[in-house]
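*Asks:* PDB, C-alpha atoms, file query_36.pdb:
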```
ATOM      1  CA  MET A1177     107.440 117.723 123.376
ATOM      2  CA  ILE A1178     110.562 117.767 125.528
ATOM      3  CA  TYR A1179     112.583 114.590 126.007
ATOM      4  CA  LYS A1180     115.501 114.033 128.377
ATOM      5  CA  SER A1181     117.486 110.888 127.533
ATOM      6  CA  HIS A1182     118.934 108.483 130.084
ATOM      7  CA  SER A1183     122.330 110.079 129.394
ATOM      8  CA  GLY A1184     120.923 113.523 130.257
ATOM      9  CA  SER A1185     120.745 115.139 126.806
ATOM     10  CA  ILE A1186     117.618 117.197 126.143
ATOM     11  CA  THR A1187     115.744 117.508 122.854
ATOM     12  CA  ALA A1188     112.551 119.417 122.146
ATOM     13  CA  PHE A1189     110.170 119.105 119.201
ATOM     14  CA  ASP A1190     107.332 121.257 117.882
ATOM     15  CA  ILE A1191     104.203 119.137 117.599
ATOM     16  CA  PRO A1192     100.659 120.384 116.974
ATOM     17  CA  ARG A1193      98.236 120.069 119.879
ATOM     18  CA  LYS A1194      94.514 120.690 120.165
ATOM     19  CA  GLY A1195      93.052 120.203 123.606
ATOM     20  CA  LYS A1196      94.461 116.936 124.936
ATOM     21  CA  ALA A1197      95.330 115.510 121.508
ATOM     22  CA  THR A1198      98.455 115.588 119.361
ATOM     23  CA  GLY A1199      97.736 116.119 115.681
ATOM     24  CA  LEU A1200      99.443 113.302 113.766
ATOM     25  CA  PRO A1201     100.750 114.417 110.381
ATOM     26  CA  ASP A1202      99.170 113.500 107.080
ATOM     27  CA  MET A1203     102.703 113.703 105.673
ATOM     28  CA  TYR A1204     103.750 117.067 107.024
ATOM     29  CA  TRP A1205     103.586 118.319 110.599
ATOM     30  CA  TRP A1206     101.945 121.551 109.417
ATOM     31  CA  ARG A1207      99.030 119.424 108.157
ATOM     32  CA  PRO A1208      97.769 117.369 111.125
ATOM     33  CA  ALA A1209      95.196 114.783 110.083
ATOM     34  CA  TRP A1210      94.409 112.469 113.029
ATOM     35  CA  PRO A1211      94.164 113.151 116.748
ATOM     36  CA  CYS A1212      96.258 111.020 119.094
ATOM     37  CA  PHE A1213      95.557 111.122 122.817
ATOM     38  CA  ASN A1214      98.627 109.149 123.936
ATOM     39  CA  PHE A1215     101.632 110.330 121.901
ATOM     40  CA  GLY A1216     105.236 110.022 123.015
ATOM     41  CA  PRO A1217     108.146 107.681 123.603
ATOM     42  CA  THR A1218     107.603 104.010 124.428
ATOM     43  CA  PHE A1219     107.822 103.065 128.101
ATOM     44  CA  SER A1220     108.974  99.799 129.621
ATOM     45  CA  GLY A1221     107.830  99.898 133.217
ATOM     46  CA  SER A1222     108.502 103.420 134.477
ATOM     47  CA  LYS A1223     111.410 104.188 132.092
ATOM     48  CA  VAL A1224     111.526 105.107 128.432
ATOM     49  CA  ASP A1225     112.773 102.229 126.273
ATOM     50  CA  GLU A1226     115.266 104.151 124.140
ATOM     51  CA  SER A1227     115.353 101.390 121.522
ATOM     52  CA  MET A1228     111.641 101.911 120.788
ATOM     53  CA  PRO A1229     109.974 104.707 118.784
ATOM     54  CA  ILE A1230     108.066 107.863 119.545
ATOM     55  CA  LYS A1231     104.556 107.089 118.330
ATOM     56  CA  CYS A1232     100.841 107.188 119.006
ATOM     57  CA  HIS A1233      99.980 104.619 121.670
ATOM     58  CA  ASP A1234      96.197 104.917 121.215
ATOM     59  CA  ASN A1235      94.356 101.659 120.699
ATOM     60  CA  ARG A1236      91.848 102.768 118.062
ATOM     61  CA  GLU A1237      90.748 100.405 115.326
ATOM     62  CA  GLU A1238      90.247 103.170 112.747
ATOM     63  CA  LEU A1239      93.965 104.010 112.997
ATOM     64  CA  ASP A1240      95.336 100.437 112.818
ATOM     65  CA  TYR A1241      96.580 100.865 109.242
ATOM     66  CA  TRP A1242      97.985 104.356 109.694
ATOM     67  CA  LEU A1243      99.732 104.210 113.075
ATOM     68  CA  PRO A1244     102.660 101.967 112.024
ATOM     69  CA  GLN A1245     103.484 104.571 109.352
ATOM     70  CA  VAL A1246     103.894 107.432 111.825
ATOM     71  CA  GLU A1247     106.809 106.528 114.095
ATOM     72  CA  TRP A1248     110.019 108.426 114.853
ATOM     73  CA  ASP A1249     113.252 107.573 116.606
ATOM     74  CA  LEU A1250     114.206 109.568 119.698
ATOM     75  CA  SER A1251     116.182 112.052 117.595
ATOM     76  CA  GLY A1252     112.978 112.863 115.685
ATOM     77  CA  LYS A1253     113.836 111.074 112.431
ATOM     78  CA  THR A1254     110.990 109.274 110.688
ATOM     79  CA  ILE A1255     111.427 105.495 110.810
ATOM     80  CA  LYS A1256     109.312 104.310 107.865
ATOM     81  CA  GLY A1257     109.860 107.327 105.592
ATOM     82  CA  GLY A1258     107.110 109.175 103.792
ATOM     83  CA  MET A1259     106.555 111.469 106.796
ATOM     84  CA  ASP A1260     108.259 114.624 107.915
ATOM     85  CA  ASN A1261     110.910 114.322 110.578
ATOM     86  CA  MET A1262     109.859 115.903 113.852
ATOM     87  CA  LEU A1263     110.644 119.615 113.875
ATOM     88  CA  PRO A1264     113.189 120.722 116.492
ATOM     89  CA  THR A1265     112.074 123.519 118.800
ATOM     90  CA  LEU A1266     114.137 126.694 118.680
ATOM     91  CA  GLY A1267     115.865 126.966 122.034
ATOM     92  CA  THR A1268     118.897 126.026 124.043
ATOM     93  CA  VAL A1269     119.687 124.143 127.245
ATOM     94  CA  GLU A1270     121.028 126.293 130.071
ATOM     95  CA  GLY A1271     121.835 124.314 133.184
ATOM     96  CA  LYS A1272     118.711 122.347 134.100
ATOM     97  CA  HIS A1273     116.417 124.460 131.911
ATOM     98  CA  PHE A1274     115.378 124.581 128.267
ATOM     99  CA  VAL A1275     115.099 128.224 127.181
ATOM    100  CA  PHE A1276     112.543 128.443 124.365
ATOM    101  CA  GLY A1277     113.272 130.746 121.445
ATOM    102  CA  LYS A1278     116.902 131.377 122.381
ATOM    103  CA  ARG A1279     119.710 130.614 119.983
ATOM    104  CA  SER A1280     122.914 129.236 121.476
TER     105      SER A1280
END
```
Step by step, read the file and then write its structure as structure tokens.
*Replies:*
Amino acid sequence: MIYKSHSGSITAFDIPRKGKATGLPDMYWWRPAWPCFNFGPTFSGSKVDESMPIKCHDNREELDYWLPQVEWDLSGKTIKGGMDNMLPTLGTVEGKHFVFGKRS
């Protein structure tokens, strides 16, 4: 997932995907447990609300208990604890581009 903040800074995170779903972690990102079909930052209108978390926005009853536990701030830090922080993607920003796999 790549996120560009309102101030222009760019961050990228490694998240597991299968088809159209993000694999939400059991505790660790390398162990995805539940599929989420609408994962990402929280929008208010057409803009990201930077005071709100990155989370699963699915409305699925079977996940009602679990979803509040798996939320991260926009820097990728877990909010509730007990979960891994989001893993930063190896890469660097060059101009308007994110170059994957490149060290600065």
*Asks:* If we count only C-alpha atoms and set the cut-off at 9 Å, which residues sit around Ser1227 (chain A), ignoring sequence neighbours fewer than 4 positions away in its own chain? Please answer as a PyMOL selection string.
*Replies:* chain A and resi 1218+1249-1250
*Asks:* Just checking: using all atoms listed in the file, which residue out of A:Leu1200, A:Ser1280, A:Thr1265, A:Glu1270 ends up closest to Thr1187 (chain A)?
*Replies:* A:Thr1265
*Asks:* Take CA of Leu1266 (chain A) and CA of Ala1188 (chain A) and report the distance between them in Å, one decimal.
*Replies:*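 Going from CA of Leu1266 (chain A) over to CA of Ala1188 (chain A) covers 8.2 Å.
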*Asks:* Neighbourhood query: residues within 9 Å of (117.6, 116.0, 118.7), file coordinates, counting only C-alpha atoms; return as a CSV table (one decimal) with C-alpha atoms, in the frame of the given file.
*Replies:*
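Result file is selection.csv:
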```csv
chain,number,residue,atom,x,y,z
A,1179,TYR,CA,112.6,114.6,126.0
A,1185,SER,CA,120.7,115.1,126.8
A,1186,ILE,CA,117.6,117.2,126.1
A,1187,THR,CA,115.7,117.5,122.9
A,1188,ALA,CA,112.6,119.4,122.1
A,1189,PHE,CA,110.2,119.1,119.2
A,1250,LEU,CA,114.2,109.6,119.7
A,1251,SER,CA,116.2,112.1,117.6
A,1252,GLY,CA,113.0,112.9,115.7
A,1253,LYS,CA,113.8,111.1,112.4
A,1264,PRO,CA,113.2,120.7,116.5
```
*Asks:* Have a look at A:Val1275, A:Ala1209, A:Leu1263, A:Val1269 and name the one nearest to Leu1243 (chain A); count only C-alpha atoms.
*Replies:*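 Closest candidate: A:Ala1209.
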*Asks:* Within 9 Å of (99.3, 109.5, 119.8) in the file's own coordinates, which protein, DNA or RNA residues have an atom, counting only C-alpha atoms? List them as a PyMOL selection string.
*Replies:* chain A and resi 1197-1200+1210-1216+1230-1234+1243
